[in-house]
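Colleague: Input final-v3.cif, format and content: mmCIF, C-alpha atoms.
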data_target
loop_
_atom_site.label_atom_id
_atom_site.label_comp_id
_atom_site.auth_asym_id
_atom_site.auth_seq_id
_atom_site.Cartn_x
_atom_site.Cartn_y
_atom_site.Cartn_z
CA MET A 1 -19.72 -20.57 2.11
CA ALA A 2 -21.68 -19.48 5.19
CA LYS A 3 -25.18 -20.73 5.69
CA LYS A 4 -27.86 -18.00 5.84
CA LYS A 5 -30.21 -17.90 8.78
CA ASN A 6 -33.86 -18.36 7.90
CA PHE A 7 -35.84 -15.71 9.79
CA PHE A 8 -39.18 -17.35 9.08
CA TYR A 9 -38.29 -20.63 10.70
CA LYS A 10 -38.48 -20.66 14.45
CA LYS A 11 -37.27 -23.61 16.46
CA THR A 12 -39.48 -24.56 19.34
CA LYS A 13 -38.13 -26.31 22.38
CA GLN A 14 -40.42 -28.44 24.41
CA THR A 15 -39.21 -28.75 27.95
CA ASP A 16 -40.88 -30.31 30.91
CA SER A 17 -39.35 -27.79 33.28
CA LYS A 18 -41.89 -25.13 32.38
CA LYS A 19 -45.33 -26.06 33.58
CA GLU A 20 -48.50 -23.95 33.47
CA GLU A 21 -49.17 -22.00 36.60
CA THR A 22 -52.49 -22.91 38.09
CA THR A 23 -54.75 -21.10 40.49
CA LYS A 24 -57.64 -22.39 42.48
CA PRO A 25 -61.07 -20.84 41.91
CA SER A 26 -62.18 -18.40 44.58
CA THR A 27 -65.50 -20.17 45.14
CA GLY A 28 -63.92 -23.08 46.96
CA ASP A 29 -66.61 -25.47 45.70
CA SER A 30 -64.49 -26.93 42.98
CA GLU A 31 -61.28 -28.83 43.62
CA LYS A 32 -60.09 -28.45 40.01
CA ASN A 33 -57.17 -26.23 39.14
CA ILE A 34 -57.76 -23.68 36.40
CA PRO A 35 -54.81 -22.56 34.26
CA LYS A 36 -53.89 -18.93 34.70
CA GLN A 37 -53.83 -18.40 30.95
CA ARG A 38 -57.44 -19.58 30.66
CA LEU A 39 -58.57 -17.05 33.27
CA THR A 40 -56.96 -14.17 31.41
CA THR A 41 -58.44 -15.41 28.13
CA GLU A 42 -61.95 -15.39 29.60
CA LYS A 43 -61.46 -11.86 30.93
CA SER A 44 -60.16 -10.59 27.60
CA SER A 45 -63.02 -12.22 25.69
CA LYS A 46 -65.56 -10.50 27.97
CA ILE A 47 -63.82 -7.17 27.44
CA LEU A 48 -63.75 -7.66 23.68
CA SER A 49 -67.41 -8.59 23.70
CA GLY A 50 -68.27 -5.40 25.57
CA ILE A 51 -66.16 -3.31 23.20
CA LYS A 52 -67.94 -4.91 20.25
CA TYR A 53 -71.35 -3.79 21.50
CA VAL A 54 -70.14 -0.29 22.33
CA TYR A 55 -68.64 -0.02 18.84
CA ILE A 56 -71.84 -1.03 17.07
CA THR A 57 -73.92 1.33 19.25
CA VAL A 58 -71.64 4.26 18.41
CA PHE A 59 -71.73 3.31 14.72
CA PHE A 60 -75.53 3.22 14.74
CA ALA A 61 -75.71 6.57 16.55
CA LEU A 62 -73.50 8.14 13.90
CA LEU A 63 -75.52 6.46 11.17
CA ALA A 64 -78.75 7.82 12.65
CA GLY A 65 -77.40 11.37 12.46
CA PHE A 66 -75.94 12.10 15.87
CA PHE A 67 -74.32 15.37 14.81
CA SER A 68 -77.39 16.81 13.08
CA PRO A 69 -79.17 17.86 16.33
CA LEU A 70 -75.93 19.33 17.65
CA ILE A 71 -75.54 21.55 14.59
CA THR A 72 -79.19 22.53 14.07
CA GLY A 73 -80.22 22.73 17.73
CA HIS A 74 -83.09 20.25 17.42
CA SER A 75 -83.87 17.50 19.93
CA PHE A 76 -82.27 14.05 19.96
CA ASP A 77 -85.61 12.20 19.76
CA LEU A 78 -85.20 11.16 16.13
CA VAL A 79 -81.62 10.02 16.72
CA ILE A 80 -82.68 7.75 19.58
CA ILE A 81 -85.59 6.37 17.54
CA GLY A 82 -83.23 5.88 14.58
CA VAL A 83 -80.77 3.88 16.68
CA ILE A 84 -83.61 1.70 17.99
CA VAL A 85 -84.88 1.11 14.45
CA LEU A 86 -81.39 0.09 13.32
CA PHE A 87 -81.07 -2.36 16.22
CA VAL A 88 -84.46 -3.90 15.37
CA GLY A 89 -83.34 -4.33 11.75
CA LEU A 90 -80.02 -5.81 12.88
CA GLY A 91 -81.84 -8.28 15.10
CA GLY A 92 -83.98 -9.33 12.16
CA ALA A 93 -80.94 -9.77 9.94
CA ILE A 94 -79.22 -11.89 12.61
CA LEU A 95 -82.31 -14.11 12.88
CA VAL A 96 -82.42 -14.57 9.10
CA TYR A 97 -78.75 -15.58 9.22
CA LYS A 98 -79.47 -18.02 12.05
CA ALA A 99 -82.23 -19.52 9.88
CA ALA A 100 -79.63 -20.34 7.25
CA THR A 101 -77.38 -22.09 9.77
CA SER A 102 -80.00 -23.87 11.89
CA GLU A 103 -81.94 -26.92 10.81
CA LYS A 104 -84.39 -27.43 13.67
CA LEU A 105 -85.76 -23.91 14.12
CA ARG A 106 -85.30 -22.66 10.56
CA MET A 107 -88.88 -21.50 9.96
CA ILE A 108 -89.17 -19.81 13.36
CA TYR A 109 -85.93 -17.88 12.82
CA LEU A 110 -86.91 -16.99 9.26
CA GLY A 111 -90.40 -15.78 10.15
CA SER A 112 -89.33 -13.77 13.19
CA GLY A 113 -86.34 -12.32 11.33
CA PHE A 114 -88.45 -11.05 8.44
CA ALA A 115 -91.05 -9.78 10.92
CA LEU A 116 -88.41 -7.67 12.68
CA ILE A 117 -87.09 -6.37 9.37
CA THR A 118 -90.66 -5.44 8.35
CA ILE A 119 -91.24 -3.66 11.68
CA SER A 120 -88.01 -1.75 11.15
CA LEU A 121 -89.16 -0.73 7.65
CA ILE A 122 -92.53 0.44 8.99
CA PHE A 123 -90.76 2.57 11.60
CA ILE A 124 -88.47 4.07 8.95
CA TYR A 125 -91.43 5.14 6.81
CA ASP A 126 -93.15 6.51 9.91
CA ILE A 127 -90.08 8.64 10.74
CA MET A 128 -90.06 9.96 7.16
CA GLY A 129 -93.64 11.13 7.57
CA LYS A 130 -95.12 8.65 5.08
CA PRO A 131 -96.62 5.93 7.32
CA LEU A 132 -97.34 2.59 5.68
CA ILE A 133 -99.93 1.73 8.31
CA THR A 134 -102.41 4.35 9.51
CA PHE A 135 -104.32 3.80 12.70
#
How does this structure look as structure tokens?

Modeller:
Amino acid sequence: MAKKKNFFYKKTKQTDSKKEETTKPSTGDSEKNIPKQRLTTEKSSKILSGIKYVYITVFFALLAGFFSPLITGHSFDLVIIGVIVLFVGLGGAILVYKAATSEKLRMIYLGSGFALITISLIFIYDIMGKPLITF
């Protein structure tokens, strides 16, 4: 009886003949060799980081009602303010999360996070026309 090939098992060969290609840094200050794979990984991580911020900005613009001024013919002022308010709230939420993971600066992160969330809430009520704080 013939033995079936297992497609999920992959044999790996470790040979010394294949070594990582290395390149020298362009600065010339350092004598260390940097693996080529590491350089491409750093470039791709920077690109992914940039894409992440573009994605969240586009998401917040759509959440703030980007298409409403296009359809009604009004100005984009409220959309821009809405995106800023969402970023302030996101910053506050990130600081509250950091408070849960940090031990040294827990109270600073917690206080500043809730302060940013409160500022965001005040701005939201101000945009609605029902200000919480009147000057």

Colleague: Any chance you could work out the residue set of the PyMOL selection byres ((chain A and resi 57-62) around 12) here, as a list in words?

Modeller: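 Here the PyMOL selection byres ((chain A and resi 57-62) around 12) matches Gly50, Ile51, Lys52, Tyr53, Val54, Tyr55, Ile56, Leu63, Ala64, Gly65, Phe66, Phe67, Ser68, Pro69, Phe76, Asp77, Leu78, Val79, Ile80, Ile81, Gly82, Val83, Ile84, Val85, Leu86, Phe87, Val88, Gly89 and Leu90 of chain A.
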
Colleague: Those same residues - C-alpha atoms - I'd like them written as a PDB file, in the coordinates of the input.

Modeller:
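To be explicit, this is the file written out as part.pdb:
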ATOM      1  CA  GLY A  50     -68.270  -5.400  25.570  1.00  0.00           C
ATOM      2  CA  ILE A  51     -66.160  -3.310  23.200  1.00  0.00           C
ATOM      3  CA  LYS A  52     -67.940  -4.910  20.250  1.00  0.00           C
ATOM      4  CA  TYR A  53     -71.350  -3.790  21.500  1.00  0.00           C
ATOM      5  CA  VAL A  54     -70.140  -0.290  22.330  1.00  0.00           C
ATOM      6  CA  TYR A  55     -68.640  -0.020  18.840  1.00  0.00           C
ATOM      7  CA  ILE A  56     -71.840  -1.030  17.070  1.00  0.00           C
ATOM      8  CA  LEU A  63     -75.520   6.460  11.170  1.00  0.00           C
ATOM      9  CA  ALA A  64     -78.750   7.820  12.650  1.00  0.00           C
ATOM     10  CA  GLY A  65     -77.400  11.370  12.460  1.00  0.00           C
ATOM     11  CA  PHE A  66     -75.940  12.100  15.870  1.00  0.00           C
ATOM     12  CA  PHE A  67     -74.320  15.370  14.810  1.00  0.00           C
ATOM     13  CA  SER A  68     -77.390  16.810  13.080  1.00  0.00           C
ATOM     14  CA  PRO A  69     -79.170  17.860  16.330  1.00  0.00           C
ATOM     15  CA  PHE A  76     -82.270  14.050  19.960  1.00  0.00           C
ATOM     16  CA  ASP A  77     -85.610  12.200  19.760  1.00  0.00           C
ATOM     17  CA  LEU A  78     -85.200  11.160  16.130  1.00  0.00           C
ATOM     18  CA  VAL A  79     -81.620  10.020  16.720  1.00  0.00           C
ATOM     19  CA  ILE A  80     -82.680   7.750  19.580  1.00  0.00           C
ATOM     20  CA  ILE A  81     -85.590   6.370  17.540  1.00  0.00           C
ATOM     21  CA  GLY A  82     -83.230   5.880  14.580  1.00  0.00           C
ATOM     22  CA  VAL A  83     -80.770   3.880  16.680  1.00  0.00           C
ATOM     23  CA  ILE A  84     -83.610   1.700  17.990  1.00  0.00           C
ATOM     24  CA  VAL A  85     -84.880   1.110  14.450  1.00  0.00           C
ATOM     25  CA  LEU A  86     -81.390   0.090  13.320  1.00  0.00           C
ATOM     26  CA  PHE A  87     -81.070  -2.360  16.220  1.00  0.00           C
ATOM     27  CA  VAL A  88     -84.460  -3.900  15.370  1.00  0.00           C
ATOM     28  CA  GLY A  89     -83.340  -4.330  11.750  1.00  0.00           C
ATOM     29  CA  LEU A  90     -80.020  -5.810  12.880  1.00  0.00           C
TER      30      LEU A  90
END

Colleague: In Å, rounded to a single decimal, give me how far CA of Pro131 in chain A is from CA of Gly73 in chain A.

Modeller: 25.7 Å

Colleague: How would you write, as a PyMOL selection string, the residues chosen by the PyMOL selection byres ((chain A and resi 91) around 12) on this structure?

Modeller: chain A and resi 84-90+92-98+109-110+112-120

Colleague: Write the residues you've just listed into a file as a PDB file, in the frame of the given file, and include C-alpha atoms for each of them.

Modeller:
ATOM      1  CA  ILE A  84     -83.610   1.700  17.990  1.00  0.00           C
ATOM      2  CA  VAL A  85     -84.880   1.110  14.450  1.00  0.00           C
ATOM      3  CA  LEU A  86     -81.390   0.090  13.320  1.00  0.00           C
ATOM      4  CA  PHE A  87     -81.070  -2.360  16.220  1.00  0.00           C
ATOM      5  CA  VAL A  88     -84.460  -3.900  15.370  1.00  0.00           C
ATOM      6  CA  GLY A  89     -83.340  -4.330  11.750  1.00  0.00           C
ATOM      7  CA  LEU A  90     -80.020  -5.810  12.880  1.00  0.00           C
ATOM      8  CA  GLY A  92     -83.980  -9.330  12.160  1.00  0.00           C
ATOM      9  CA  ALA A  93     -80.940  -9.770   9.940  1.00  0.00           C
ATOM     10  CA  ILE A  94     -79.220 -11.890  12.610  1.00  0.00           C
ATOM     11  CA  LEU A  95     -82.310 -14.110  12.880  1.00  0.00           C
ATOM     12  CA  VAL A  96     -82.420 -14.570   9.100  1.00  0.00           C
ATOM     13  CA  TYR A  97     -78.750 -15.580   9.220  1.00  0.00           C
ATOM     14  CA  LYS A  98     -79.470 -18.020  12.050  1.00  0.00           C
ATOM     15  CA  TYR A 109     -85.930 -17.880  12.820  1.00  0.00           C
ATOM     16  CA  LEU A 110     -86.910 -16.990   9.260  1.00  0.00           C
ATOM     17  CA  SER A 112     -89.330 -13.770  13.190  1.00  0.00           C
ATOM     18  CA  GLY A 113     -86.340 -12.320  11.330  1.00  0.00           C
ATOM     19  CA  PHE A 114     -88.450 -11.050   8.440  1.00  0.00           C
ATOM     20  CA  ALA A 115     -91.050  -9.780  10.920  1.00  0.00           C
ATOM     21  CA  LEU A 116     -88.410  -7.670  12.680  1.00  0.00           C
ATOM     22  CA  ILE A 117     -87.090  -6.370   9.370  1.00  0.00           C
ATOM     23  CA  THR A 118     -90.660  -5.440   8.350  1.00  0.00           C
ATOM     24  CA  ILE A 119     -91.240  -3.660  11.680  1.00  0.00           C
ATOM     25  CA  SER A 120     -88.010  -1.750  11.150  1.00  0.00           C
TER      26      SER A 120
END

Colleague: So the first atom is CA of Ile108 in chain A and the second is CA of Phe123 in chain A; what is the distance between them in Å, to one decimal place?

Modeller: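 Answer for the CA of Ile108 in chain A to CA of Phe123 in chain A separation: 22.5 Å.
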
Colleague: Run the PyMOL selection byres ((chain A and resi 133) around 12) against the file shown and list the residues it catches, as a ChimeraX atom specification.

Modeller: /A:118-119,121-126,129-132,134-135

Colleague: Using C-alpha atoms, can you export the residues from the last selection as a short mmCIF file (atom, residue, chain, number, x, y, z; two decimals), in the coordinates of the input?

Modeller:
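Writing the result to out34.cif gives the following:
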data_model
loop_
_atom_site.label_atom_id
_atom_site.label_comp_id
_atom_site.auth_asym_id
_atom_site.auth_seq_id
_atom_site.Cartn_x
_atom_site.Cartn_y
_atom_site.Cartn_z
CA THR A 118 -90.66 -5.44 8.35
CA ILE A 119 -91.24 -3.66 11.68
CA LEU A 121 -89.16 -0.73 7.65
CA ILE A 122 -92.53 0.44 8.99
CA PHE A 123 -90.76 2.57 11.60
CA ILE A 124 -88.47 4.07 8.95
CA TYR A 125 -91.43 5.14 6.81
CA ASP A 126 -93.15 6.51 9.91
CA GLY A 129 -93.64 11.13 7.57
CA LYS A 130 -95.12 8.65 5.08
CA PRO A 131 -96.62 5.93 7.32
CA LEU A 132 -97.34 2.59 5.68
CA THR A 134 -102.41 4.35 9.51
CA PHE A 135 -104.32 3.80 12.70
#

Colleague: Please complete range 74-104 of chain A so it has N, CA and C atoms, and hand it over as a PDB file, in the frame of the given file.

Modeller:
ATOM      1  N   HIS A  74     -81.869  21.022  17.217  1.00  0.00           N
ATOM      2  CA  HIS A  74     -83.090  20.250  17.420  1.00  0.00           C
ATOM      3  C   HIS A  74     -82.888  19.210  18.525  1.00  0.00           C
ATOM      4  N   SER A  75     -83.964  18.499  18.875  1.00  0.00           N
ATOM      5  CA  SER A  75     -83.870  17.500  19.930  1.00  0.00           C
ATOM      6  C   SER A  75     -83.280  16.187  19.387  1.00  0.00           C
ATOM      7  N   PHE A  76     -82.873  15.328  20.306  1.00  0.00           N
ATOM      8  CA  PHE A  76     -82.270  14.050  19.960  1.00  0.00           C
ATOM      9  C   PHE A  76     -83.291  12.928  19.821  1.00  0.00           C
ATOM     10  N   ASP A  77     -84.568  13.242  19.805  1.00  0.00           N
ATOM     11  CA  ASP A  77     -85.610  12.200  19.760  1.00  0.00           C
ATOM     12  C   ASP A  77     -85.478  11.322  18.518  1.00  0.00           C
ATOM     13  N   LEU A  78     -85.292  11.942  17.358  1.00  0.00           N
ATOM     14  CA  LEU A  78     -85.200  11.160  16.130  1.00  0.00           C
ATOM     15  C   LEU A  78     -83.930  10.320  16.076  1.00  0.00           C
ATOM     16  N   VAL A  79     -82.862  10.806  16.700  1.00  0.00           N
ATOM     17  CA  VAL A  79     -81.620  10.020  16.720  1.00  0.00           C
ATOM     18  C   VAL A  79     -81.812   8.763  17.565  1.00  0.00           C
ATOM     19  N   ILE A  80     -82.454   8.910  18.711  1.00  0.00           N
ATOM     20  CA  ILE A  80     -82.680   7.750  19.580  1.00  0.00           C
ATOM     21  C   ILE A  80     -83.610   6.760  18.896  1.00  0.00           C
ATOM     22  N   ILE A  81     -84.667   7.252  18.266  1.00  0.00           N
ATOM     23  CA  ILE A  81     -85.590   6.370  17.540  1.00  0.00           C
ATOM     24  C   ILE A  81     -84.858   5.699  16.370  1.00  0.00           C
ATOM     25  N   GLY A  82     -83.992   6.449  15.696  1.00  0.00           N
ATOM     26  CA  GLY A  82     -83.230   5.880  14.580  1.00  0.00           C
ATOM     27  C   GLY A  82     -82.303   4.768  15.019  1.00  0.00           C
ATOM     28  N   VAL A  83     -81.653   4.927  16.167  1.00  0.00           N
ATOM     29  CA  VAL A  83     -80.770   3.880  16.680  1.00  0.00           C
ATOM     30  C   VAL A  83     -81.585   2.634  17.042  1.00  0.00           C
ATOM     31  N   ILE A  84     -82.750   2.839  17.648  1.00  0.00           N
ATOM     32  CA  ILE A  84     -83.610   1.700  17.990  1.00  0.00           C
ATOM     33  C   ILE A  84     -84.070   0.966  16.735  1.00  0.00           C
ATOM     34  N   VAL A  85     -84.445   1.718  15.711  1.00  0.00           N
ATOM     35  CA  VAL A  85     -84.880   1.110  14.450  1.00  0.00           C
ATOM     36  C   VAL A  85     -83.746   0.297  13.825  1.00  0.00           C
ATOM     37  N   LEU A  86     -82.528   0.833  13.879  1.00  0.00           N
ATOM     38  CA  LEU A  86     -81.390   0.090  13.320  1.00  0.00           C
ATOM     39  C   LEU A  86     -81.114  -1.188  14.103  1.00  0.00           C
ATOM     40  N   PHE A  87     -81.268  -1.151  15.426  1.00  0.00           N
ATOM     41  CA  PHE A  87     -81.070  -2.360  16.220  1.00  0.00           C
ATOM     42  C   PHE A  87     -82.158  -3.402  15.933  1.00  0.00           C
ATOM     43  N   VAL A  88     -83.388  -2.958  15.709  1.00  0.00           N
ATOM     44  CA  VAL A  88     -84.460  -3.900  15.370  1.00  0.00           C
ATOM     45  C   VAL A  88     -84.161  -4.553  14.021  1.00  0.00           C
ATOM     46  N   GLY A  89     -83.713  -3.775  13.054  1.00  0.00           N
ATOM     47  CA  GLY A  89     -83.340  -4.330  11.750  1.00  0.00           C
ATOM     48  C   GLY A  89     -82.157  -5.276  11.839  1.00  0.00           C
ATOM     49  N   LEU A  90     -81.175  -4.929  12.685  1.00  0.00           N
ATOM     50  CA  LEU A  90     -80.020  -5.810  12.880  1.00  0.00           C
ATOM     51  C   LEU A  90     -80.440  -7.124  13.515  1.00  0.00           C
ATOM     52  N   GLY A  91     -81.338  -7.051  14.487  1.00  0.00           N
ATOM     53  CA  GLY A  91     -81.840  -8.280  15.100  1.00  0.00           C
ATOM     54  C   GLY A  91     -82.545  -9.163  14.097  1.00  0.00           C
ATOM     55  N   GLY A  92     -83.317  -8.557  13.211  1.00  0.00           N
ATOM     56  CA  GLY A  92     -83.980  -9.330  12.160  1.00  0.00           C
ATOM     57  C   GLY A  92     -82.983  -9.961  11.205  1.00  0.00           C
ATOM     58  N   ALA A  93     -81.949  -9.225  10.847  1.00  0.00           N
ATOM     59  CA  ALA A  93     -80.940  -9.770   9.940  1.00  0.00           C
ATOM     60  C   ALA A  93     -80.178 -10.926  10.599  1.00  0.00           C
ATOM     61  N   ILE A  94     -79.904 -10.805  11.893  1.00  0.00           N
ATOM     62  CA  ILE A  94     -79.220 -11.890  12.610  1.00  0.00           C
ATOM     63  C   ILE A  94     -80.106 -13.135  12.649  1.00  0.00           C
ATOM     64  N   LEU A  95     -81.417 -12.956  12.856  1.00  0.00           N
ATOM     65  CA  LEU A  95     -82.310 -14.110  12.880  1.00  0.00           C
ATOM     66  C   LEU A  95     -82.428 -14.767  11.508  1.00  0.00           C
ATOM     67  N   VAL A  96     -82.401 -13.979  10.447  1.00  0.00           N
ATOM     68  CA  VAL A  96     -82.420 -14.570   9.100  1.00  0.00           C
ATOM     69  C   VAL A  96     -81.140 -15.355   8.855  1.00  0.00           C
ATOM     70  N   TYR A  97     -80.010 -14.843   9.339  1.00  0.00           N
ATOM     71  CA  TYR A  97     -78.750 -15.580   9.220  1.00  0.00           C
ATOM     72  C   TYR A  97     -78.805 -16.882  10.012  1.00  0.00           C
ATOM     73  N   LYS A  98     -79.355 -16.813  11.224  1.00  0.00           N
ATOM     74  CA  LYS A  98     -79.470 -18.020  12.050  1.00  0.00           C
ATOM     75  C   LYS A  98     -80.373 -19.058  11.364  1.00  0.00           C
ATOM     76  N   ALA A  99     -81.358 -18.590  10.601  1.00  0.00           N
ATOM     77  CA  ALA A  99     -82.230 -19.520   9.880  1.00  0.00           C
ATOM     78  C   ALA A  99     -81.439 -20.300   8.830  1.00  0.00           C
ATOM     79  N   ALA A 100     -80.440 -19.661   8.258  1.00  0.00           N
ATOM     80  CA  ALA A 100     -79.630 -20.340   7.250  1.00  0.00           C
ATOM     81  C   ALA A 100     -78.692 -21.367   7.871  1.00  0.00           C
ATOM     82  N   THR A 101     -78.323 -21.174   9.137  1.00  0.00           N
ATOM     83  CA  THR A 101     -77.380 -22.090   9.770  1.00  0.00           C
ATOM     84  C   THR A 101     -78.053 -23.132  10.652  1.00  0.00           C
ATOM     85  N   SER A 102     -79.302 -22.939  11.012  1.00  0.00           N
ATOM     86  CA  SER A 102     -80.000 -23.870  11.890  1.00  0.00           C
ATOM     87  C   SER A 102     -80.912 -24.779  11.071  1.00  0.00           C
ATOM     88  N   GLU A 103     -81.042 -26.012  11.517  1.00  0.00           N
ATOM     89  CA  GLU A 103     -81.940 -26.920  10.810  1.00  0.00           C
ATOM     90  C   GLU A 103     -83.239 -27.152  11.563  1.00  0.00           C
ATOM     91  N   LYS A 104     -83.192 -27.137  12.890  1.00  0.00           N
ATOM     92  CA  LYS A 104     -84.390 -27.430  13.670  1.00  0.00           C
ATOM     93  C   LYS A 104     -85.370 -26.260  13.673  1.00  0.00           C
TER      94      LYS A 104
END
